Amino acid sequence: MRWALVKVCLAVTIMVVVAFAVPLGLVIREMARDRAFSNAEREAAAVAPALSITTDRDQLERVVASAGSDAGMAVHIPASADKASGDTAAVDLGRQRAADGDIATVRRLGRASTSEVPGGSTLLQPVALSSGEIAVVEVYVPEAEVTNGLTTAWTVLAGVGLALIVGSVAVADRLGVRMVRPAQRLVEGAHELGEGKLGARVPEEGPKELRLAAVAFNSMADQVVQLLANERELAADLSHRLRTPLTVLRLNAASLGDGPAADQTRAAVAQLEREVDTIIRTAREAKPQTVAAGPGAGCDAAEVVRERMTFWSALAEDEGRKVRVAGVDRPVRIPVARADLAAALDALLGNVFRHTAEGTAFAVDVHNGEDAVIVLVSDAGPGISDPEAAMARGRGSGSAGSTGLGLDIVRRLAESTGGDVRIGSSVLGGTEVRIWIQLDGREPVRRGHRSSMRRRRPGRLVSTFNRPRSLP
C-alpha cells in the first residue's frame, strides 16, 4: 500500500511537471526569438530614415556604422534607384548572407521576412526610397542570440520539476508510512492476542479510520482480559470462601475427641483443605496480568461488619477469644459490593483463627472519614515478620496451607476504589491489617504508587490508627 501510493504520486507529479514545464519552455524559447528579432527590427528602423533621404554609399556607410551594426547589417539598393543623376548601378553595403531570391521576394512583396542562413537567421526589412524603388535592409541574427537564456531557463525548469517530484515522493512516502504502520501494528496486535499474549495493545494513532479500529481492538482486548480475569478471580475467590466453613469444620473436628470416627472426620477435613488450596493455587497461577476491577454497587460497611462478627463471635467464644467491634453503630456507605467486603473480612478473620493460638484476642474497627473509610483488623498474636512477603500476590506466609490469596483478595478490594492495604503492628501486640477504601472516585491505585497516595491522606484520620485500644 505504501509503495503503491508512492508510485501513483510519482506518476501524477511527472505528468503535471511535463504538462507545465514543456509548454513553458517552448514559450520561453519563442520569447527569446521574438526578443532577438525585435532588436533586429529596431536596428533596421534606424537605417530607414537615411535611405528615404539619400542613397549615397558613403553616407549610408556612416549611418550603418553609427547604428553599431555594420558587422551584421547589409543594405541592398536596386540598380535604378537614382535616375535623375543617371546613376543606375546597384548599391550593396555590408556582407550579404540572405539568398538573392529571398531579397527579390521581399522587394516584390513589400513586407518584412526572415530566412535561415548558416549560423543563424536574417531579417529582411523593405524600405521605400524617394525614387519609388524598394531597398532591402538585411540584419543578421546569430543563433546564439536567438537561444540566449534558454539553457538557464530549461535548467531552472528542470530543477523545479525535479524538486516537485522528489517532494511529492517524500510526502507520499510519509503519508504511506502514516497509513501503513497503524495497520501493521493492528495486524501484529491481533496475532499476539491470538497467540495468547493478553497484554497486546495497539497505539491509537494514524488516520481516523485506523484510530477507530485501534480503539475498537483495544476495547475488545480489554474485555477479553477482563472476562478471563473475572472468571479466574471468581474461581479462586469462591474456592477461598470455602475455607470459612472448613475452619468451622476443623475446629469442630478438633473437639470430637479420640476415636475412629473423629480421626476420619479430621482426615476428611484436612483432605478437603488441601484440595481447596490446590484449586486456589491453580486458578492463581493461570491468572493473567489484569487491571483491578472497578467498585461494585456499594454497601453498608457497618452492617457487613456486624453480620460477619456475629458469625465469627460464636467460634471466638468456643476458643475463649476476646472480641471487640467499634465504629459500626452508624451506617457507613462504601463503593464496594457487599459480597466482596464480606469475603475480605472472612479472609482476614479466618487468618486470625488459623494462625493464632486459641484464646488470642482480636478486634475490628471502622473509621468513617470525609474521603475514605478505614477498616482495621488487629489481633494479639505473634504478628507477621515479613509484611511485604505476606502482601505479595500468590505468596503465603510460609506456613502449611497458606496460599496468600486472602490478603490478595483484601488488596484487590481496596485498590478497586483507589485505596490500599497496609500491614503493621497492632496495639494488642500482634498484627494489624488496615484497609483504606477511597470514597472520592479516584482511579484505582497502581502498584509502586502507594507512597504518593499516602502523602495525600488527611492527618486527622491517620492519627486514629495509633490511639490505644483496649478489649472489654
# chains A, B, ... in the order shown; residues from 1 in each chain; ligands from 1
>>> residues_around(residues="Gly189 (chain A)", least_positions_apart="6", cutoff="8 Å", atoms="only C-alpha atoms", output="number ranges by chain")
A: 200-202
>>> residues_around(residues="Leu349 (chain A)", least_positions_apart="4", cutoff="8 Å", atoms="only C-alpha atoms", output="list in words")
Trp312, Leu345, Phe353 and Val377 of chain A
>>> atom_distance(atom1="CA of Val276 (chain A)", atom2="CA of Val224 (chain A)")
26.7 Å
>>> closest_atom_pairs(of="region 124-166 of chain A", to="region 16-38 of chain A", cutoff="8 Å", atoms="only C-alpha atoms", output="JSON lines")
{"residue": "A:Val141", "atom": "CA", "partner": "A:Ala36", "partner_atom": "CA", "distance": 7.0}
{"residue": "A:Glu145", "atom": "CA", "partner": "A:Ala36", "partner_atom": "CA", "distance": 6.2}
{"residue": "A:Val146", "atom": "CA", "partner": "A:Arg33", "partner_atom": "CA", "distance": 4.8}
{"residue": "A:Thr147", "atom": "CA", "partner": "A:Ala32", "partner_atom": "CA", "distance": 6.4}
{"residue": "A:Asn148", "atom": "CA", "partner": "A:Ala32", "partner_atom": "CA", "distance": 6.7}
{"residue": "A:Gly149", "atom": "CA", "partner": "A:Ala32", "partner_atom": "CA", "distance": 7.5}
{"residue": "A:Leu150", "atom": "CA", "partner": "A:Arg29", "partner_atom": "CA", "distance": 6.3}
{"residue": "A:Ala153", "atom": "CA", "partner": "A:Gly25", "partner_atom": "CA", "distance": 7.3}
{"residue": "A:Trp154", "atom": "CA", "partner": "A:Gly25", "partner_atom": "CA", "distance": 6.4}
{"residue": "A:Leu157", "atom": "CA", "partner": "A:Ala21", "partner_atom": "CA", "distance": 6.3}
{"residue": "A:Ala158", "atom": "CA", "partner": "A:Ala21", "partner_atom": "CA", "distance": 7.8}
{"residue": "A:Gly161", "atom": "CA", "partner": "A:Val17", "partner_atom": "CA", "distance": 5.6}
{"residue": "A:Leu164", "atom": "CA", "partner": "A:Val17", "partner_atom": "CA", "distance": 7.8}
>>> residues_around(residues="region 260-267 of chain A", least_positions_apart="3", cutoff="12 Å", atoms="only C-alpha atoms", output="ChimeraX atom specification")
/A:246-257,270-274
>>> write_last_selection(atoms="all heavy atoms", output="CSV table (one decimal), in the first residue's frame")
chain,number,residue,atom,x,y,z
A,246,LEU,N,-14.7,-24.5,56.2
A,246,LEU,CA,-13.7,-25.5,56.5
A,246,LEU,C,-13.1,-25.2,57.9
A,246,LEU,O,-12.8,-26.2,58.6
A,246,LEU,CB,-12.7,-25.6,55.4
A,246,LEU,CG,-13.1,-26.3,54.2
A,246,LEU,CD1,-11.9,-26.2,53.2
A,246,LEU,CD2,-13.4,-27.7,54.5
A,247,THR,N,-12.9,-23.9,58.2
A,247,THR,CA,-12.3,-23.6,59.5
A,247,THR,C,-13.2,-24.0,60.6
A,247,THR,O,-12.8,-24.6,61.7
A,247,THR,CB,-12.1,-22.1,59.6
A,247,THR,OG1,-11.2,-21.7,58.5
A,247,THR,CG2,-11.4,-21.7,60.9
A,248,VAL,N,-14.5,-23.8,60.4
A,248,VAL,CA,-15.5,-24.3,61.4
A,248,VAL,C,-15.5,-25.8,61.5
A,248,VAL,O,-15.5,-26.3,62.7
A,248,VAL,CB,-16.9,-23.8,61.0
A,248,VAL,CG1,-18.0,-24.2,62.0
A,248,VAL,CG2,-17.0,-22.3,60.9
A,249,LEU,N,-15.5,-26.5,60.4
A,249,LEU,CA,-15.4,-27.9,60.5
A,249,LEU,C,-14.1,-28.4,61.2
A,249,LEU,O,-14.2,-29.4,62.0
A,249,LEU,CB,-15.5,-28.5,59.1
A,249,LEU,CG,-16.8,-28.4,58.3
A,249,LEU,CD1,-16.6,-28.9,56.9
A,249,LEU,CD2,-17.9,-29.1,59.1
A,250,ARG,N,-13.0,-27.7,60.9
A,250,ARG,CA,-11.7,-28.2,61.6
A,250,ARG,C,-11.8,-27.9,63.1
A,250,ARG,O,-11.4,-28.8,63.8
A,250,ARG,CB,-10.6,-27.4,61.0
A,250,ARG,CG,-9.2,-27.7,61.6
A,250,ARG,CD,-8.1,-27.0,60.8
A,250,ARG,NE,-8.3,-25.6,60.8
A,250,ARG,CZ,-8.0,-24.8,61.9
A,250,ARG,NH1,-7.4,-25.3,63.0
A,250,ARG,NH2,-8.1,-23.5,61.8
A,251,LEU,N,-12.4,-26.8,63.5
A,251,LEU,CA,-12.5,-26.5,64.9
A,251,LEU,C,-13.4,-27.5,65.6
A,251,LEU,O,-13.2,-28.0,66.7
A,251,LEU,CB,-12.9,-25.1,65.1
A,251,LEU,CG,-12.0,-24.0,64.7
A,251,LEU,CD1,-12.6,-22.6,64.8
A,251,LEU,CD2,-10.7,-24.1,65.4
A,252,ASN,N,-14.5,-27.8,64.9
A,252,ASN,CA,-15.5,-28.8,65.5
A,252,ASN,C,-14.9,-30.1,65.5
A,252,ASN,O,-15.1,-30.9,66.5
A,252,ASN,CB,-16.8,-28.8,64.7
A,252,ASN,CG,-17.6,-27.5,64.9
A,252,ASN,OD1,-17.4,-26.8,65.9
A,252,ASN,ND2,-18.4,-27.2,63.9
A,253,ALA,N,-14.1,-30.5,64.5
A,253,ALA,CA,-13.5,-31.8,64.5
A,253,ALA,C,-12.5,-32.0,65.6
A,253,ALA,O,-12.3,-33.0,66.1
A,253,ALA,CB,-12.8,-32.0,63.1
A,254,ALA,N,-11.8,-30.8,65.9
A,254,ALA,CA,-10.8,-30.9,67.0
A,254,ALA,C,-11.5,-31.2,68.3
A,254,ALA,O,-10.8,-31.7,69.3
A,254,ALA,CB,-10.0,-29.6,67.0
A,255,SER,N,-12.7,-30.8,68.5
A,255,SER,CA,-13.4,-31.1,69.8
A,255,SER,C,-14.1,-32.4,69.8
A,255,SER,O,-14.8,-32.7,70.8
A,255,SER,CB,-14.4,-29.9,70.0
A,255,SER,OG,-15.4,-29.9,69.0
A,256,LEU,N,-14.0,-33.2,68.8
A,256,LEU,CA,-14.7,-34.5,68.8
A,256,LEU,C,-14.0,-35.6,69.7
A,256,LEU,O,-14.6,-36.6,70.0
A,256,LEU,CB,-14.7,-35.1,67.4
A,256,LEU,CG,-15.6,-34.3,66.4
A,256,LEU,CD1,-15.6,-34.9,65.0
A,256,LEU,CD2,-17.1,-34.3,66.9
A,257,GLY,N,-12.8,-35.3,70.1
A,257,GLY,CA,-12.0,-36.2,71.0
A,257,GLY,C,-11.4,-37.3,70.2
A,257,GLY,O,-11.0,-37.1,69.0
A,270,ALA,N,-9.0,-32.3,56.6
A,270,ALA,CA,-7.6,-31.9,56.1
A,270,ALA,C,-7.5,-32.2,54.6
A,270,ALA,O,-6.9,-31.4,53.9
A,270,ALA,CB,-6.6,-32.8,56.9
A,271,GLN,N,-8.1,-33.3,54.1
A,271,GLN,CA,-8.0,-33.6,52.7
A,271,GLN,C,-8.8,-32.5,51.9
A,271,GLN,O,-8.3,-32.0,50.8
A,271,GLN,CB,-8.6,-34.9,52.4
A,271,GLN,CG,-8.7,-35.3,50.9
A,271,GLN,CD,-7.3,-35.4,50.3
A,271,GLN,OE1,-6.3,-35.7,51.0
A,271,GLN,NE2,-7.2,-35.2,49.0
A,272,LEU,N,-9.9,-32.1,52.4
A,272,LEU,CA,-10.7,-31.1,51.7
A,272,LEU,C,-10.0,-29.7,51.7
A,272,LEU,O,-10.0,-29.0,50.7
A,272,LEU,CB,-12.1,-30.9,52.4
A,272,LEU,CG,-13.1,-30.0,51.8
A,272,LEU,CD1,-13.4,-30.4,50.4
A,272,LEU,CD2,-14.4,-30.0,52.6
A,273,GLU,N,-9.3,-29.4,52.8
A,273,GLU,CA,-8.5,-28.2,52.8
A,273,GLU,C,-7.4,-28.2,51.8
A,273,GLU,O,-7.1,-27.2,51.1
A,273,GLU,CB,-7.9,-28.0,54.2
A,273,GLU,CG,-8.9,-27.5,55.2
A,273,GLU,CD,-8.2,-27.2,56.6
A,273,GLU,OE1,-7.3,-27.9,57.0
A,273,GLU,OE2,-8.6,-26.2,57.2
A,274,ARG,N,-6.7,-29.4,51.6
A,274,ARG,CA,-5.7,-29.5,50.6
A,274,ARG,C,-6.2,-29.3,49.2
A,274,ARG,O,-5.6,-28.7,48.4
A,274,ARG,CB,-4.9,-30.8,50.8
A,274,ARG,CG,-4.0,-30.9,52.0
A,274,ARG,CD,-3.1,-32.2,51.9
A,274,ARG,NE,-3.9,-33.4,52.0
A,274,ARG,CZ,-4.2,-34.0,53.2
A,274,ARG,NH1,-3.8,-33.5,54.3
A,274,ARG,NH2,-4.9,-35.1,53.1
>>> residues_around(residues="Asp173 (chain A)", least_positions_apart="3", cutoff="10 Å", atoms="only C-alpha atoms", output="PyMOL selection string")
chain A and resi 2-7+9+167-170+176-179
>>> write_last_selection(atoms="C-alpha atoms", output="mmCIF file, in the first residue's frame")
data_model
loop_
_atom_site.group_PDB
_atom_site.id
_atom_site.type_symbol
_atom_site.label_atom_id
_atom_site.label_comp_id
_atom_site.auth_asym_id
_atom_site.auth_seq_id
_atom_site.Cartn_x
_atom_site.Cartn_y
_atom_site.Cartn_z
ATOM 1 C CA ARG A 2 2.858 2.356 0.856
ATOM 2 C CA TRP A 3 4.726 1.792 -2.436
ATOM 3 C CA ALA A 4 1.508 1.896 -4.435
ATOM 4 C CA LEU A 5 0.775 5.347 -3.017
ATOM 5 C CA VAL A 6 4.341 6.460 -3.835
ATOM 6 C CA LYS A 7 4.084 5.193 -7.414
ATOM 7 C CA CYS A 9 2.013 10.182 -6.600
ATOM 8 C CA GLY A 167 8.927 16.441 -2.689
ATOM 9 C CA SER A 168 5.806 14.609 -3.826
ATOM 10 C CA VAL A 169 7.515 11.222 -3.415
ATOM 11 C CA ALA A 170 8.681 12.175 0.094
ATOM 12 C CA GLY A 176 2.053 5.860 3.262
ATOM 13 C CA VAL A 177 4.025 5.226 6.439
ATOM 14 C CA ARG A 178 1.380 7.050 8.467
ATOM 15 C CA MET A 179 -1.292 4.811 6.979
#
>>> residues_around(residues="Ile435 (chain A)", least_positions_apart="4", cutoff="6 Å", atoms="only C-alpha atoms", output="PDB file with C-alpha atoms, in the first residue's frame")
ATOM      1  CA  ILE A 374     -10.709   2.580  57.061  1.00  0.00           C
ATOM      2  CA  VAL A 375     -11.310  -0.927  58.353  1.00  0.00           C
ATOM      3  CA  VAL A 421      -3.785  -2.225  52.282  1.00  0.00           C
TER       4      VAL A 421
END
>>> residues_around(residues="Val187 (chain A)", least_positions_apart="6", cutoff="12 Å", atoms="only C-alpha atoms", output="list in words")
Val180, Arg181, Leu193, Gly194, Ala200, Arg201, Val202, Pro203, Leu210, Ala213, Ala214 and Phe217 of chain A
>>> closest_residue(among="A:Leu407, A:Leu439, A:Val12, A:Leu428", to="Ile165 (chain A)", atoms="only C-alpha atoms")
A:Val12
>>> closest_residue(among="A:Ala65, A:Ala172, A:Ala221, A:Val410", to="Ala344 (chain A)", atoms="only C-alpha atoms")
A:Val410
>>> atom_distance(atom1="CA of Ala316 (chain A)", atom2="CA of Val336 (chain A)")
26.7 Å
>>> atom_distance(atom1="CA of Val139 (chain A)", atom2="CA of Met73 (chain A)")
4.5 Å
>>> residues_around(residues="Val64 (chain A)", least_positions_apart="6", cutoff="12 Å", atoms="only C-alpha atoms", output="JSON, numbers by chain")
{"A": [43, 44, 45, 46, 47, 48, 49, 50, 51, 57, 58, 70, 71, 72, 73, 74, 75, 93, 94, 137, 138, 139]}
>>> select_by_dssp(residues="region 12-164 of chain A", states="alpha helix (DSSP H)", output="ChimeraX atom specification")
/A:12-53,57-66,100-109,143-146,150-164
>>> closest_residue(among="A:Arg333, A:Val305, A:Gly359, A:Val215", to="Glu319 (chain A)", atoms="only C-alpha atoms")
A:Gly359
>>> select_by_dssp(residues="region 182-381 of chain A", states="strand (DSSP E)", output="ChimeraX atom specification")
/A:299-300,323-326,333-334,362-368,372-379
>>> closest_residue(among="A:Gln184, A:Ser416, A:Ser130, A:Ser52", to="Pro335 (chain A)", atoms="only C-alpha atoms")
A:Ser416
